[in-house]
Amino acid sequence: MAQEKPLILVTNDDGITAPGIRALISVMSEIGDVFVVAPDSPQSGMGHAITVNNTIYCDPITIDKNAPQKEFSCSGTPADCVKMASREVMPRKPDLCVSGINHGSNSAINVIYSGTMSAAVEAGIEGIPAIGFSLLDYGMNADFEPSKKFVRTIVENVLKNGLPKGLVLNVNIPRLPEKEIKGVKICRQANAHWVEKFDKRINPMGREYYWLSGTFVNEDKGEDTDEWALSQGYVSIVPTQFDLTAHHFIQQLNNWPLHD
């Protein structure tokens with residue numbers, strides 16, 4: 001008897017027609033039975049936002065004629081897409097959720113703001129093994145071909161070995177030809193951040209408005225971080241958890257005079 005194919009949910013934050021998700025779908029369709037539930041428009045930087053004050057639409061859509069996957073365009077956020085997929089669209093809970101391939105980095109502090117990773121985290125919360133994939137190229141004409149080999153290898157390993165409950169993988173891929181990518185490094189998240197500023201301007205009606213801009217600063221000199229690995233030509237994998245408890249500080253906090 002043929003082994004049943006894994007059921008795979010594909011989503012993203014760049015929108016269902018973005019080149020990155022189309023590349024991810026093409027790889028996943030060779031591995032399992034694919035459902036795509038992704039935003040109908042770009043949702044970058046949405047983090048883990050969910051829709052609570054508006055209606056959500058989730059409509060079947062055909063983008064690749066005769067393709068095997070089933071696709072749905074959702075008006076909600078990336079986290080909404082995962083909730084909708086697992087509760088309304090898919091015949092059962094998926095065996096895996098993959099999010100991406102994002103157009104741009106989600107390394108270091110960017111993981112906090114990322115809609116790509118928030119979709120993966122939402123899947124993890126629901127007990128679904130999940131991976132977020134990002135390519136360090138923000139262009140809509142980015143070349144995703146070199147990413148496919150690494151996406152396939154990582155996905156096959158997760159399907160074979162599973163992931164601990166409460167943990168998802170944050171995978172970032174350098175913008176390099178495949179032959180120049182040195183391999184894969186398991187990393188920690190770099191202690192790096194954005195130094196932000198607002199560019200204030202005046203619109204034609206005389207009203208002030210702002211554009212957020214900034215400079216990315218990495219003061220982490222460790223050679224075990226995602227930023228280091230990417231700068232050296234490696235794919236970085238950071239095991240990421242959504243339990244934000246600072247466990248190391250609990251005992252010290254218990255020593256504060258807070259109790260009657």
# chains A, B, ... in the order shown; residues from 1 in each chain; ligands from 1
call {"tool": "select_by_dssp", "arguments": {"residues": "range 31-259 of chain A", "states": "strand (DSSP E or B)", "output": "PyMOL selection string"}}
result
chain A and resi 33-39+58-60+70-74+96-103+130-135+167-173+183-186+188+192-202+208-218+225+234-241
call {"tool": "select_by_dssp", "arguments": {"residues": "range 32-248 of chain A", "states": "alpha helix (DSSP H)", "output": "PyMOL selection string"}}
result
chain A and resi 78-84+110-113+115-125+145-161+226-231
call {"tool": "closest_atom_pairs", "arguments": {"of": "range 55-150 of chain A", "to": "range 217-226 of chain A", "cutoff": "12 Å", "atoms": "only C-alpha atoms", "output": "JSON lines"}}
result
{"residue": "A:Ser105", "atom": "CA", "partner": "A:Asp226", "partner_atom": "CA", "distance": 10.5}
{"residue": "A:Asn106", "atom": "CA", "partner": "A:Asp226", "partner_atom": "CA", "distance": 9.8}
{"residue": "A:Ser107", "atom": "CA", "partner": "A:Asp226", "partner_atom": "CA", "distance": 6.3}
{"residue": "A:Ala108", "atom": "CA", "partner": "A:Asp226", "partner_atom": "CA", "distance": 6.8}
{"residue": "A:Ile109", "atom": "CA", "partner": "A:Asn218", "partner_atom": "CA", "distance": 10.0}
{"residue": "A:Asn110", "atom": "CA", "partner": "A:Asp226", "partner_atom": "CA", "distance": 11.4}
{"residue": "A:Val111", "atom": "CA", "partner": "A:Asp226", "partner_atom": "CA", "distance": 11.4}
call {"tool": "residues_around", "arguments": {"residues": "Glu71 in chain A", "least_positions_apart": "2", "cutoff": "7 Å", "atoms": "only C-alpha atoms", "output": "number ranges by chain"}}
result
A: 35-37, 60-62, 69, 73
call {"tool": "atom_distance", "arguments": {"atom1": "CA of Pro146 in chain A", "atom2": "CA of Gly20 in chain A"}}
result
11.9 Å
call {"tool": "closest_residue", "arguments": {"among": "A:Pro39, A:Pro19, A:Pro94, A:Gly100", "to": "Thr77 in chain A", "atoms": "only C-alpha atoms"}}
result
A:Pro39
call {"tool": "closest_residue", "arguments": {"among": "A:Leu258, A:Ile101, A:Val155, A:Val171", "to": "Cys187 in chain A", "atoms": "only C-alpha atoms"}}
result
A:Val171
call {"tool": "closest_atom_pairs", "arguments": {"of": "range 99-155 of chain A", "to": "range 228-248 of chain A", "cutoff": "10 Å", "atoms": "only C-alpha atoms", "output": "JSON lines"}}
result
{"residue": "A:Ser105", "atom": "CA", "partner": "A:Leu230", "partner_atom": "CA", "distance": 9.9}
{"residue": "A:Ser107", "atom": "CA", "partner": "A:Ser236", "partner_atom": "CA", "distance": 8.4}
{"residue": "A:Ala108", "atom": "CA", "partner": "A:Val238", "partner_atom": "CA", "distance": 9.4}
{"residue": "A:Val111", "atom": "CA", "partner": "A:Thr240", "partner_atom": "CA", "distance": 9.2}
{"residue": "A:Met117", "atom": "CA", "partner": "A:Thr240", "partner_atom": "CA", "distance": 9.5}
{"residue": "A:Ser118", "atom": "CA", "partner": "A:Phe242", "partner_atom": "CA", "distance": 9.5}
{"residue": "A:Ala120", "atom": "CA", "partner": "A:Thr240", "partner_atom": "CA", "distance": 10.0}
{"residue": "A:Val121", "atom": "CA", "partner": "A:Phe242", "partner_atom": "CA", "distance": 6.8}
{"residue": "A:Glu122", "atom": "CA", "partner": "A:Phe242", "partner_atom": "CA", "distance": 9.0}
{"residue": "A:Gly124", "atom": "CA", "partner": "A:Phe242", "partner_atom": "CA", "distance": 8.3}
{"residue": "A:Ile125", "atom": "CA", "partner": "A:Phe242", "partner_atom": "CA", "distance": 7.8}
{"residue": "A:Ile131", "atom": "CA", "partner": "A:Pro239", "partner_atom": "CA", "distance": 9.4}
{"residue": "A:Gly132", "atom": "CA", "partner": "A:Ile237", "partner_atom": "CA", "distance": 9.7}
{"residue": "A:Phe133", "atom": "CA", "partner": "A:Ile237", "partner_atom": "CA", "distance": 9.4}
{"residue": "A:Ser134", "atom": "CA", "partner": "A:Val235", "partner_atom": "CA", "distance": 9.9}
{"residue": "A:Leu135", "atom": "CA", "partner": "A:Val235", "partner_atom": "CA", "distance": 9.4}
{"residue": "A:Leu136", "atom": "CA", "partner": "A:Leu230", "partner_atom": "CA", "distance": 8.8}
{"residue": "A:Ser147", "atom": "CA", "partner": "A:Val235", "partner_atom": "CA", "distance": 9.2}
{"residue": "A:Phe150", "atom": "CA", "partner": "A:Val235", "partner_atom": "CA", "distance": 8.1}
{"residue": "A:Ile154", "atom": "CA", "partner": "A:Ile237", "partner_atom": "CA", "distance": 9.3}
call {"tool": "closest_residue", "arguments": {"among": "A:Cys81, A:Ile31, A:Ile50, A:Ser41", "to": "Pro68 in chain A", "atoms": "only C-alpha atoms"}}
result
A:Ile31
call {"tool": "closest_residue", "arguments": {"among": "A:Glu30, A:Asp14, A:Asp80, A:Glu4", "to": "Ala119 in chain A", "atoms": "only C-alpha atoms"}}
result
A:Asp80
call {"tool": "closest_residue", "arguments": {"among": "A:Phe216, A:Ile250, A:Arg175, A:Trp256", "to": "Val195 in chain A", "atoms": "only C-alpha atoms"}}
result
A:Phe216
call {"tool": "closest_residue", "arguments": {"among": "A:Val10, A:Gly206, A:Asn254, A:His193", "to": "Tyr113 in chain A", "atoms": "only C-alpha atoms"}}
result
A:His193
call {"tool": "atom_distance", "arguments": {"atom1": "CA of His48 in chain A", "atom2": "CA of Gly115 in chain A"}}
result
6.5 Å
call {"tool": "residues_around", "arguments": {"residues": "Gly76 in chain A", "least_positions_apart": "5", "cutoff": "12 Å", "atoms": "only C-alpha atoms", "output": "VMD selection string"}}
result
chain A and resid 11 to 13 15 to 16 37 to 43 46 48 to 59 81 to 85 115 119
call {"tool": "residues_around", "arguments": {"residues": "Glu208 in chain A", "least_positions_apart": "6", "cutoff": "12 Å", "atoms": "only C-alpha atoms", "output": "list in words"}}
result
Phe198, Asp199, Lys200, Arg201 and Ile202 of chain A
